[in-house]
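Visitor: TSV, C-alpha atoms and all ligand atoms, file run07.tsv:
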chain	number	residue	atom	x	y	z
A	29	MET	CA	-51.66	14.18	21.43
A	30	ASN	CA	-54.91	12.44	22.33
A	31	LYS	CA	-55.20	8.94	21.03
A	32	PRO	CA	-54.60	9.42	17.31
A	33	ILE	CA	-56.95	8.47	14.51
A	34	LEU	CA	-55.03	7.17	11.53
A	35	PHE	CA	-56.42	7.75	8.03
A	36	LEU	CA	-55.00	5.39	5.41
A	37	PHE	CA	-55.81	6.69	1.96
A	38	ASP	CA	-55.88	4.69	-1.21
A	39	LEU	CA	-54.55	6.77	-4.11
A	40	ASP	CA	-56.08	6.05	-7.53
A	41	ALA	CA	-59.71	7.14	-7.80
A	42	THR	CA	-59.72	8.00	-4.07
A	43	LEU	CA	-57.36	11.00	-3.94
A	44	VAL	CA	-56.84	11.65	-7.66
A	45	ARG	CA	-57.69	10.35	-11.09
A	46	THR	CA	-54.72	10.40	-13.44
A	47	GLY	CA	-56.81	10.64	-16.61
A	48	GLY	CA	-55.51	7.27	-17.76
A	49	ALA	CA	-51.82	8.20	-17.39
A	50	GLY	CA	-51.06	5.36	-14.96
A	51	MET	CA	-52.70	2.74	-17.17
A	52	LEU	CA	-51.03	4.06	-20.35
A	53	ALA	CA	-47.60	4.09	-18.73
A	54	MET	CA	-47.89	0.56	-17.37
A	55	ASN	CA	-49.31	-0.85	-20.61
A	56	GLN	CA	-46.54	0.75	-22.66
A	57	ALA	CA	-43.82	-0.44	-20.27
A	58	PHE	CA	-45.10	-4.02	-20.46
A	59	THR	CA	-45.37	-3.82	-24.25
A	60	GLU	CA	-41.81	-2.50	-24.60
A	61	TYR	CA	-40.26	-4.85	-22.10
A	62	PHE	CA	-42.29	-8.06	-22.58
A	63	GLY	CA	-44.14	-7.56	-25.87
A	64	TRP	CA	-47.56	-7.78	-24.16
A	65	GLN	CA	-50.11	-5.58	-25.92
A	66	ASP	CA	-52.63	-3.58	-23.90
A	67	ALA	CA	-52.16	-6.06	-21.07
A	68	LEU	CA	-54.11	-4.22	-18.35
A	69	SER	CA	-57.33	-4.23	-20.37
A	70	HIS	CA	-57.50	-8.02	-19.90
A	71	ILE	CA	-57.59	-7.91	-16.09
A	72	SER	CA	-59.26	-5.69	-13.48
A	73	PRO	CA	-56.43	-3.65	-11.99
A	74	ALA	CA	-58.53	-1.28	-9.81
A	75	GLY	CA	-57.71	-1.65	-6.13
A	76	ARG	CA	-54.87	-4.08	-6.76
A	77	THR	CA	-51.22	-3.74	-5.83
A	78	ASP	CA	-48.83	-3.04	-8.72
A	79	THR	CA	-46.80	-6.09	-7.77
A	80	SER	CA	-49.85	-8.40	-7.79
A	81	ILE	CA	-50.83	-6.99	-11.20
A	82	ALA	CA	-47.34	-7.79	-12.51
A	83	HIS	CA	-47.53	-11.36	-11.21
A	84	GLU	CA	-51.03	-11.89	-12.62
A	85	LEU	CA	-49.97	-10.69	-16.07
A	86	SER	CA	-46.81	-12.76	-15.96
A	87	ASN	CA	-48.84	-15.84	-15.08
A	88	LYS	CA	-51.28	-15.11	-17.89
A	89	TYR	CA	-48.64	-14.54	-20.56
A	90	GLN	CA	-45.75	-16.73	-19.45
A	91	GLY	CA	-47.24	-19.14	-16.94
A	92	ARG	CA	-45.24	-18.10	-13.89
A	93	ASP	CA	-44.76	-15.30	-11.37
A	94	MET	CA	-42.71	-12.36	-12.57
A	95	ALA	CA	-39.01	-12.70	-11.74
A	96	GLU	CA	-37.40	-10.00	-9.63
A	97	ASP	CA	-35.18	-8.61	-12.42
A	98	GLU	CA	-38.12	-8.50	-14.85
A	99	MET	CA	-40.16	-6.64	-12.26
A	100	GLY	CA	-37.31	-4.21	-11.57
A	101	ASN	CA	-36.73	-3.46	-15.25
A	102	GLY	CA	-40.41	-3.34	-16.24
A	103	PHE	CA	-41.27	-1.02	-13.35
A	104	ALA	CA	-38.23	1.22	-13.94
A	105	ARG	CA	-39.53	1.81	-17.46
A	106	TYR	CA	-43.08	2.31	-16.09
A	107	LEU	CA	-41.92	5.04	-13.69
A	108	GLY	CA	-40.14	6.92	-16.46
A	109	LEU	CA	-43.18	6.70	-18.70
A	110	LEU	CA	-45.47	7.72	-15.85
A	111	VAL	CA	-43.72	11.08	-15.52
A	112	GLU	CA	-44.12	11.63	-19.28
A	113	LYS	CA	-47.77	10.57	-19.43
A	114	LEU	CA	-48.72	12.74	-16.47
A	115	GLU	CA	-47.26	15.77	-18.20
A	116	THR	CA	-49.67	15.32	-21.09
A	117	ALA	CA	-52.66	13.86	-19.21
A	118	LYS	CA	-55.75	15.86	-20.07
A	119	ASN	CA	-58.10	14.73	-17.34
A	120	PHE	CA	-55.88	14.57	-14.29
A	121	ARG	CA	-57.86	15.75	-11.29
A	122	VAL	CA	-57.97	15.80	-7.53
A	123	LEU	CA	-61.29	14.28	-6.49
A	124	PRO	CA	-64.07	16.42	-5.00
A	125	GLY	CA	-63.58	17.55	-1.42
A	126	ILE	CA	-60.21	15.82	-1.03
A	127	ARG	CA	-57.97	18.86	-0.82
A	128	ALA	CA	-60.25	20.65	1.66
A	129	PHE	CA	-60.51	17.53	3.81
A	130	LEU	CA	-56.74	16.97	3.85
A	131	GLU	CA	-56.08	20.57	4.81
A	132	LYS	CA	-58.59	20.40	7.64
A	133	ALA	CA	-57.36	17.01	8.82
A	134	GLN	CA	-53.73	18.11	8.80
A	135	ALA	CA	-54.59	20.94	11.17
A	136	GLN	CA	-56.31	18.51	13.55
A	137	LYS	CA	-53.83	17.44	16.23
A	138	ASP	CA	-55.02	13.90	16.76
A	139	TYR	CA	-55.44	13.04	13.06
A	140	VAL	CA	-52.62	11.21	11.31
A	141	LEU	CA	-52.65	11.00	7.52
A	142	ALA	CA	-50.89	8.28	5.56
A	143	LEU	CA	-51.07	6.45	2.26
A	144	GLY	CA	-52.26	2.88	1.98
A	145	THR	CA	-51.86	2.30	-1.74
A	146	GLY	CA	-51.08	-0.53	-4.12
A	147	ASN	CA	-48.90	1.85	-6.11
A	148	LEU	CA	-45.15	1.46	-6.00
A	149	GLU	CA	-43.89	4.10	-3.58
A	150	GLN	CA	-42.14	6.04	-6.36
A	151	GLY	CA	-45.22	5.77	-8.56
A	152	ALA	CA	-47.41	7.14	-5.78
A	153	ARG	CA	-45.04	10.06	-5.21
A	154	ILE	CA	-44.93	10.83	-8.95
A	155	LYS	CA	-48.75	10.82	-9.18
A	156	LEU	CA	-49.19	13.09	-6.15
A	157	GLU	CA	-46.52	15.56	-7.24
A	158	PRO	CA	-48.46	17.60	-9.86
A	159	PRO	CA	-51.32	18.49	-7.46
A	160	ASP	CA	-48.87	18.97	-4.54
A	161	LEU	CA	-50.51	16.34	-2.32
A	162	ASN	CA	-47.32	14.59	-1.16
A	163	ARG	CA	-46.97	17.10	1.66
A	164	PHE	CA	-50.04	15.61	3.38
A	165	PHE	CA	-48.55	12.13	3.43
A	166	PRO	CA	-45.10	11.91	5.01
A	167	PHE	CA	-45.31	8.10	4.99
A	168	GLY	CA	-47.49	5.16	4.07
A	169	GLY	CA	-47.57	1.55	2.97
A	170	PHE	CA	-47.01	0.81	-0.71
A	171	GLY	CA	-47.37	-1.84	-3.41
A	172	SER	CA	-43.59	-1.95	-3.73
A	173	GLU	CA	-43.45	-3.35	-0.18
A	174	ALA	CA	-46.15	-5.98	-0.33
A	175	VAL	CA	-48.04	-8.00	-2.92
A	176	VAL	CA	-51.04	-8.40	-0.60
A	177	ARG	CA	-52.94	-5.23	0.20
A	178	SER	CA	-53.59	-5.92	3.91
A	179	GLU	CA	-49.81	-6.27	4.39
A	180	LEU	CA	-49.07	-2.80	3.08
A	181	LEU	CA	-51.77	-1.43	5.39
A	182	ARG	CA	-50.04	-3.08	8.36
A	183	ILE	CA	-46.75	-1.51	7.27
A	184	ALA	CA	-48.44	1.92	7.16
A	185	VAL	CA	-49.85	1.41	10.68
A	186	ALA	CA	-46.40	0.45	12.00
A	187	ARG	CA	-44.92	3.60	10.45
A	188	ALA	CA	-47.65	5.71	12.03
A	189	GLU	CA	-46.83	4.17	15.41
A	190	ASP	CA	-43.16	5.06	14.91
A	191	ALA	CA	-44.02	8.59	13.82
A	192	THR	CA	-46.36	9.26	16.75
A	193	CYS	CA	-44.51	7.13	19.33
A	194	GLN	CA	-47.90	5.68	20.23
A	195	LYS	CA	-49.57	2.34	19.89
A	196	ILE	CA	-52.48	2.77	17.48
A	197	SER	CA	-55.43	0.47	18.03
A	198	MET	CA	-56.96	-0.87	14.83
A	199	GLU	CA	-60.41	0.53	15.74
A	200	ARG	CA	-58.84	3.94	15.36
A	201	VAL	CA	-57.53	3.20	11.87
A	202	LEU	CA	-59.67	4.24	8.93
A	203	VAL	CA	-59.00	2.62	5.57
A	204	ILE	CA	-60.42	4.74	2.77
A	205	GLY	CA	-60.73	3.53	-0.80
A	206	ASP	CA	-62.85	3.21	-3.92
A	207	THR	CA	-62.92	-0.59	-4.36
A	208	GLN	CA	-63.89	-3.76	-2.54
A	209	HIS	CA	-60.18	-4.57	-2.26
A	210	ASP	CA	-59.65	-1.56	0.00
A	211	ILE	CA	-62.63	-2.53	2.15
A	212	ARG	CA	-61.62	-6.17	2.38
A	213	ALA	CA	-57.99	-5.38	3.27
A	214	GLY	CA	-59.13	-2.85	5.89
A	215	LYS	CA	-61.40	-5.45	7.49
A	216	GLU	CA	-58.60	-8.01	7.44
A	217	ILE	CA	-56.45	-5.85	9.69
A	218	GLY	CA	-59.40	-4.98	11.95
A	219	ALA	CA	-59.61	-1.34	10.82
A	220	ARG	CA	-62.76	0.63	10.08
A	221	THR	CA	-63.45	1.12	6.41
A	222	VAL	CA	-64.81	3.91	4.24
A	223	GLY	CA	-65.89	3.24	0.66
A	224	VAL	CA	-65.93	6.25	-1.62
A	225	ALA	CA	-67.73	6.11	-4.97
A	226	THR	CA	-65.26	8.17	-7.00
A	227	GLY	CA	-63.89	5.11	-8.80
A	228	PRO	CA	-65.46	2.32	-10.85
A	229	TYR	CA	-68.08	1.41	-8.22
A	230	THR	CA	-71.29	3.07	-7.05
A	231	THR	CA	-72.20	3.59	-3.40
A	232	ARG	CA	-74.64	0.70	-3.72
A	233	GLN	CA	-71.97	-1.64	-5.09
A	234	LEU	CA	-69.53	-0.62	-2.37
A	235	SER	CA	-72.21	-1.13	0.30
A	236	GLU	CA	-72.42	-4.80	-0.64
A	237	HIS	CA	-68.97	-5.20	0.92
A	238	GLN	CA	-70.21	-3.64	4.17
A	239	PRO	CA	-67.79	-0.81	4.81
A	240	ASP	CA	-68.48	1.18	8.00
A	241	LEU	CA	-69.29	4.24	5.91
A	242	VAL	CA	-70.00	4.87	2.24
A	243	LEU	CA	-69.57	8.26	0.66
A	244	GLU	CA	-70.39	9.64	-2.77
A	245	ASN	CA	-67.23	11.75	-2.39
A	246	PHE	CA	-65.35	13.85	0.19
A	247	THR	CA	-67.66	16.84	-0.04
A	248	GLN	CA	-69.92	14.85	2.35
A	249	ILE	CA	-68.13	16.38	5.29
A	250	LEU	CA	-71.17	16.22	7.59
A	251	GLU	CA	-71.53	12.47	7.19
A	252	LEU	CA	-67.83	12.07	7.75
A	253	ASP	CA	-67.76	14.28	10.85
A	254	ARG	CA	-70.75	12.43	12.29
A	255	PHE	CA	-68.98	9.12	11.70
A	256	LEU	CA	-65.73	10.36	13.25
A	257	SER	CA	-67.52	11.74	16.30
A	258	GLY	CA	-68.44	8.14	17.15
A	259	PHE	CA	-64.75	7.23	17.61
B	301	MG	MG	-58.22	3.01	-5.93
Any chance you could give the structure as structure tokens?
Ligand SMILES: [Mg+2]
Guide:
Amino acid sequence: MNKPILFLFDLDATLVRTGGAGMLAMNQAFTEYFGWQDALSHISPAGRTDTSIAHELSNKYQGRDMAEDEMGNGFARYLGLLVEKLETAKNFRVLPGIRAFLEKAQAQKDYVLALGTGNLEQGARIKLEPPDLNRFFPFGGFGSEAVVRSELLRIAVARAEDATCQKISMERVLVIGDTQHDIRAGKEIGARTVGVATGPYTTRQLSEHQPDLVLENFTQILELDRFLSGF
């Protein structure tokens, strides 16, 4: 293998949109377990780790971080509900150009694909199961492993180094996501960053956070190839 390029993909609104299934499942779990109604609508969860969302809500409703057993029980219920909600989600979709890009990238010897997502690992796997995208991502860094997003990115890089038996320099890591949180976390670890406007933010809004590349979506293969050729 030449020096690898590691792609760390955010999940929600970068790879897929769950048609609200993720939000519904988490809201219902928190209502059932804590009695909080429609909790996620009072914060901005996009781009955040599931664990940081849980702590923020706990602080808002009960004035302290969420205890470990509460988190375990609340999230166990969430994961069960997530499977149910995905089965009935009407607008679940893989975002434009993603599948074609992943297939092409997987065939490329020096490209390494991994997840860098704030989702719990099990939640990520459940969301990627219906469209059969798990096979592109043998490993990653997840919200169940870190509260802070840059930490889960570092975990993903370490796993990629183990998997390839190579040291991966941060300039050859690409953090791809739809929010400023992805861009900021990528910059924090010294990676290059790609903002993609398939989530709540436009290309112009993402540009304000100065990612190395901004895309409307992954059908912009020419822009992406041009960018990658500069590596
Ligand atoms: Mg996202």
Visitor: Choose the residue, out of A:Asp160, A:Glu244, A:Asp93, A:Glu112, that has the smallest atom-to-atom separation from Met54 of chain A; count only C-alpha atoms.
Guide: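 Nearest candidate to Met54 of chain A out of A:Asp160, A:Glu244, A:Asp93, A:Glu112: A:Glu112.
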Visitor: Counting only C-alpha atoms and all ligand atoms, which residue out of A:Leu109, A:Ala95, A:Ile249, A:Ile204 sits closest to ligand MG 301 (chain B)?
Guide: A:Ile204
Visitor: So how far away is atom CA of Lys155 of chain A from atom CA of Asn101 of chain A, in Å?
Guide: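 Spanning atom CA of Asn101 of chain A to atom CA of Lys155 of chain A is a straight-line distance of 19.6 Å.
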Visitor: What lies within 9 Å of Phe259 of chain A using only C-alpha atoms, ignoring chain neighbours under 6 positions off, as a ChimeraX atom specification?
Guide: /A:33,199-200
Visitor: For ligand MG 301 (chain B), collect every residue having any atom at a distance of at most 8 Å from a ligand atom (counting only C-alpha atoms and all ligand atoms); output as a VMD selection string.
Guide: chain A and resid 38 to 42 74 to 76 145 205 to 207 210 227
Visitor: Quick one: write out the picked residues with C-alpha atoms as a compact mmCIF listing (two decimals), in the frame of the given file?
Guide:
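Result file follows (again-v9.txt):
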# COMPACT_ATOMS: atom_id res chain seq x y z
CA ASP A 38 -55.88 4.69 -1.21
CA LEU A 39 -54.55 6.77 -4.11
CA ASP A 40 -56.08 6.05 -7.53
CA ALA A 41 -59.71 7.14 -7.80
CA THR A 42 -59.72 8.00 -4.07
CA ALA A 74 -58.53 -1.28 -9.81
CA GLY A 75 -57.71 -1.65 -6.13
CA ARG A 76 -54.87 -4.08 -6.76
CA THR A 145 -51.86 2.30 -1.74
CA GLY A 205 -60.73 3.53 -0.80
CA ASP A 206 -62.85 3.21 -3.92
CA THR A 207 -62.92 -0.59 -4.36
CA ASP A 210 -59.65 -1.56 0.00
CA GLY A 227 -63.89 5.11 -8.80
Visitor: Need to verify the contact set: Asp240 of chain A, 9 Å, all atoms listed in the file, exclusion of same-chain residues closer than 6 positions in sequence. Can you return it as a ChimeraX atom specification?
Guide: /A:220-223,255
Visitor: From the list A:Thr116, A:Thr192, A:Gln208, A:Ser178, which residue is nearest Arg232 of chain A when using all atoms listed in the file?
Guide: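 Ranked by minimum distance to Arg232 of chain A, first place goes to A:Gln208.
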Visitor: With a cut-off of 12 Å, could you pull out the residues of segment 161-199 of chain A touching segment 123-132 of chain A and give me the nearest pair of atoms for each, distance in Å to one decimal, using only C-alpha atoms, ordered by chain and ascending number, as a tab-separated table?
Guide:
residue	atom	partner	partner_atom	distance
A:Leu161	CA	A:Arg127	CA	8.0
A:Asn162	CA	A:Leu130	CA	10.9
A:Arg163	CA	A:Leu130	CA	10.0
A:Phe164	CA	A:Leu130	CA	6.9
A:Phe165	CA	A:Leu130	CA	9.5
Visitor: Point out the residue among A:Val140, A:Phe62, A:Ser86, A:Ser72 with the least atom-to-atom distance to Gly102 of chain A, counting all atoms listed in the file.
Guide: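 Of A:Val140, A:Phe62, A:Ser86, A:Ser72, the one nearest Gly102 of chain A, counting all atoms listed in the file, is A:Phe62.
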